[in-house]
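Remarks on the structure that follows.
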Amino acid sequence: MRTRMSKNIVLIGFMGVGKGTIAREMSKQSELYSLDCDDLIESLENRKIRRIFEEDGEEYFRQLEQKTAKWLEKNVKNTIISTGGGFYKVKNLKKIGTIVYLQSTFDAILERILSHPNSKRKLEKRPLLKDLKKAKSLFEKRIKSYEKCAYIVISTKDKSPKEIAKEILVLFRIFSKQV
Ligand code: S3P
């Protein structure tokens, strides 16, 4: 059975946990569109996130996230939204949709990135993953906040993107296809 959804589903979680992959898998299984906040920012600025950080700094990037959050709140519905790892800080997060936190450990995230055939690119495109020690302390600082923001917490441990996507959609009762 398929239930219509009017609010968006917003995926939050640390860099590299698989928010984008899971959002696309959810689209495939539900026939709902998905979009990615970092993609929206890159298209608005016509440059890569890495270049925005290099040329204008993190603070400017955070302003772009807030601007994107306002735009999403006003213009987007019935959509699966994947976010950057720091997007949870936007002021209107809960007004955009129902927040789903994709939970993992730092080591599992690192392993996921490093085992990817294009791992070098995956690391390069994320300025805050350059220094792994700093990234780990950022992870530890953020996990409590992710949990606080979330309506639903999904453990990604030992699950494929397909399984995680299905789990979320079943929770929202919008699973529409056999996979
Ligand atoms: C960031 C995560 C990145 C991207 C930017 C900042 C963060 O997105 O938005 O590099 O602050 O955690 P991903 O979570 O998709 O890697």
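A note on labels: chains of the structure tokens are A, B, ... as shown, every chain counts residues from 1, and ligands are counted from 1 in their shown order.
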Give one line per residue of chain A that approaches ligand 1 to at most 10 Å, naming the two atoms of the closest pair and their distance in Å to one decimal, counting only C-alpha atoms and all ligand atoms; sort by chain then ascending residue number and deliver it as a Markdown table.
| residue | atom | partner | partner_atom_place_in_ligand_line | distance |
| --- | --- | --- | --- | --- |
| A:Ile12 | CA | ligand 1 | 14 (O) | 8.1 |
| A:Gly13 | CA | ligand 1 | 14 (O) | 6.9 |
| A:Phe14 | CA | ligand 1 | 14 (O) | 5.4 |
| A:Met15 | CA | ligand 1 | 14 (O) | 3.3 |
| A:Gly16 | CA | ligand 1 | 16 (O) | 5.3 |
| A:Val17 | CA | ligand 1 | 14 (O) | 7.4 |
| A:Gly18 | CA | ligand 1 | 15 (O) | 7.8 |
| A:Lys19 | CA | ligand 1 | 15 (O) | 6.9 |
| A:Gly20 | CA | ligand 1 | 15 (O) | 7.0 |
| A:Thr21 | CA | ligand 1 | 15 (O) | 9.9 |
| A:Asp36 | CA | ligand 1 | 15 (O) | 8.3 |
| A:Cys37 | CA | ligand 1 | 9 (O) | 7.7 |
| A:Asp38 | CA | ligand 1 | 9 (O) | 5.6 |
| A:Asp39 | CA | ligand 1 | 9 (O) | 9.2 |
| A:Ile41 | CA | ligand 1 | 9 (O) | 9.0 |
| A:Lys48 | CA | ligand 1 | 10 (O) | 9.7 |
| A:Ile49 | CA | ligand 1 | 10 (O) | 6.2 |
| A:Arg50 | CA | ligand 1 | 10 (O) | 6.9 |
| A:Ile52 | CA | ligand 1 | 10 (O) | 9.4 |
| A:Phe53 | CA | ligand 1 | 10 (O) | 8.0 |
| A:Glu58 | CA | ligand 1 | 6 (C) | 8.1 |
| A:Phe61 | CA | ligand 1 | 5 (C) | 8.0 |
| A:Arg62 | CA | ligand 1 | 6 (C) | 8.4 |
| A:Glu65 | CA | ligand 1 | 9 (O) | 8.2 |
| A:Ser82 | CA | ligand 1 | 15 (O) | 7.8 |
| A:Thr83 | CA | ligand 1 | 15 (O) | 6.2 |
| A:Gly84 | CA | ligand 1 | 8 (O) | 3.4 |
| A:Gly85 | CA | ligand 1 | 12 (O) | 3.3 |
| A:Gly86 | CA | ligand 1 | 11 (O) | 3.7 |
| A:Phe87 | CA | ligand 1 | 9 (O) | 7.0 |
| A:Tyr88 | CA | ligand 1 | 11 (O) | 9.2 |
| A:Lys89 | CA | ligand 1 | 11 (O) | 9.5 |
| A:Lys122 | CA | ligand 1 | 16 (O) | 8.3 |
| A:Leu123 | CA | ligand 1 | 16 (O) | 8.9 |
| A:Glu124 | CA | ligand 1 | 10 (O) | 9.6 |
| A:Lys125 | CA | ligand 1 | 10 (O) | 7.0 |
| A:Arg126 | CA | ligand 1 | 10 (O) | 4.4 |
| A:Pro127 | CA | ligand 1 | 10 (O) | 5.5 |
| A:Leu128 | CA | ligand 1 | 10 (O) | 5.9 |
| A:Leu129 | CA | ligand 1 | 10 (O) | 8.0 |
| A:Ala135 | CA | ligand 1 | 12 (O) | 8.8 |
| A:Leu138 | CA | ligand 1 | 12 (O) | 8.4 |
| A:Phe139 | CA | ligand 1 | 12 (O) | 8.6 |
| A:Arg142 | CA | ligand 1 | 12 (O) | 9.2 |
For this session: Identify, on the basis of only C-alpha atoms, every residue whose closest approach to range 91-108 of chain A does not exceed 8 Å; exclude the query and any residue fewer than 6 positions from it along the same chain; express the result as a ChimeraX atom specification.
Result: /A:7-14,17,19,66,69-70,72-73,136,139,146-147,149-157
Selected residues written out, N, CA and C atoms, as a tab-separated table (two decimals), in the first residue's frame:
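Resulting contents of out25.tsv:
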chain	number	residue	atom	x	y	z
A	7	LYS	N	4.97	15.90	3.82
A	7	LYS	CA	6.23	16.44	4.33
A	7	LYS	C	7.39	15.77	3.63
A	8	ASN	N	8.52	16.38	3.68
A	8	ASN	CA	9.72	15.74	3.14
A	8	ASN	C	10.33	14.80	4.17
A	9	ILE	N	11.19	13.90	3.69
A	9	ILE	CA	12.03	13.10	4.59
A	9	ILE	C	13.43	13.67	4.47
A	10	VAL	N	14.01	14.07	5.60
A	10	VAL	CA	15.32	14.71	5.57
A	10	VAL	C	16.35	13.79	6.22
A	11	LEU	N	17.33	13.36	5.43
A	11	LEU	CA	18.37	12.47	5.96
A	11	LEU	C	19.54	13.28	6.49
A	12	ILE	N	19.88	13.05	7.77
A	12	ILE	CA	21.05	13.72	8.34
A	12	ILE	C	22.05	12.67	8.83
A	13	GLY	N	23.28	13.11	9.06
A	13	GLY	CA	24.30	12.19	9.57
A	13	GLY	C	25.67	12.64	9.11
A	14	PHE	N	26.68	11.95	9.62
A	14	PHE	CA	28.05	12.39	9.36
A	14	PHE	C	28.45	12.17	7.91
A	17	VAL	N	28.47	8.73	5.48
A	17	VAL	CA	27.64	7.64	6.03
A	17	VAL	C	26.77	7.00	4.94
A	19	LYS	N	24.31	9.13	2.97
A	19	LYS	CA	23.01	9.81	2.86
A	19	LYS	C	22.53	9.91	1.41
A	66	GLN	N	22.14	27.64	5.15
A	66	GLN	CA	20.94	28.26	5.74
A	66	GLN	C	20.01	28.80	4.65
A	69	ALA	N	18.26	25.95	3.15
A	69	ALA	CA	17.23	25.43	4.07
A	69	ALA	C	15.95	26.26	3.96
A	70	LYS	N	16.09	27.58	3.86
A	70	LYS	CA	14.91	28.45	3.71
A	70	LYS	C	14.19	28.14	2.41
A	72	LEU	N	14.25	25.35	0.72
A	72	LEU	CA	13.61	24.03	0.80
A	72	LEU	C	12.29	24.13	1.55
A	73	GLU	N	12.31	24.84	2.66
A	73	GLU	CA	11.10	24.97	3.48
A	73	GLU	C	9.96	25.59	2.65
A	136	LYS	N	37.58	13.01	13.39
A	136	LYS	CA	37.06	12.12	14.43
A	136	LYS	C	36.51	12.92	15.62
A	139	PHE	N	33.23	14.31	14.65
A	139	PHE	CA	32.23	13.23	14.71
A	139	PHE	C	31.72	13.07	16.14
A	146	TYR	N	23.06	15.16	16.45
A	146	TYR	CA	22.28	14.44	15.42
A	146	TYR	C	21.10	13.71	16.09
A	147	GLU	N	21.41	13.04	17.19
A	147	GLU	CA	20.36	12.27	17.88
A	147	GLU	C	19.24	13.18	18.38
A	149	CYS	N	18.28	16.05	17.18
A	149	CYS	CA	17.47	16.61	16.09
A	149	CYS	C	16.50	15.60	15.50
A	150	ALA	N	16.85	14.31	15.63
A	150	ALA	CA	16.16	13.31	14.81
A	150	ALA	C	14.83	12.85	15.38
A	151	TYR	N	13.90	12.58	14.48
A	151	TYR	CA	12.63	11.98	14.83
A	151	TYR	C	12.80	10.46	14.81
A	152	ILE	N	13.61	10.00	13.87
A	152	ILE	CA	13.89	8.57	13.74
A	152	ILE	C	15.40	8.37	13.64
A	153	VAL	N	15.91	7.37	14.36
A	153	VAL	CA	17.34	7.04	14.26
A	153	VAL	C	17.46	5.66	13.63
A	154	ILE	N	18.23	5.57	12.56
A	154	ILE	CA	18.40	4.29	11.87
A	154	ILE	C	19.86	3.87	11.95
A	155	SER	N	20.10	2.69	12.48
A	155	SER	CA	21.47	2.19	12.50
A	155	SER	C	21.80	1.64	11.11
A	156	THR	N	22.98	2.01	10.61
A	156	THR	CA	23.36	1.55	9.27
A	156	THR	C	24.28	0.32	9.36
A	157	LYS	N	24.56	-0.11	10.57
A	157	LYS	CA	25.54	-1.18	10.80
A	157	LYS	C	25.16	-2.48	10.07
Exercise. What residues in range 73-151 of chain A get the DSSP label helix (DSSP H, G or I)? Please answer as JSON, numbers by chain.
Worked result: {"A": [73, 74, 75, 87, 88, 89, 93, 94, 95, 96, 106, 107, 108, 109, 110, 111, 112, 113, 114, 119, 120, 121, 122, 123, 124, 127, 128, 129, 132, 133, 134, 135, 136, 137, 138, 139, 140, 141, 142, 143, 144, 145, 146, 147, 148, 149]}
For this session: Give me, please, the distance in Å between CA of Lys74 in chain A and CA of Leu40 in chain A, quoted to one decimal.
Result: 14.6 Å
Seminar exercise, completed: Here CA of Ile143 in chain A and CA of Glu59 in chain A stand apart by 20.9 Å
For this session: Enumerate the residues of range 61-140 of chain A with a DSSP assignment of strand (DSSP E or B), computed from the backbone, and present them as a PyMOL selection string.
Result: chain A and resi 80-82+97-103
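Between CA of Ile109 in chain A and CA of Arg173 in chain A there is a distance of 28.0 Å.
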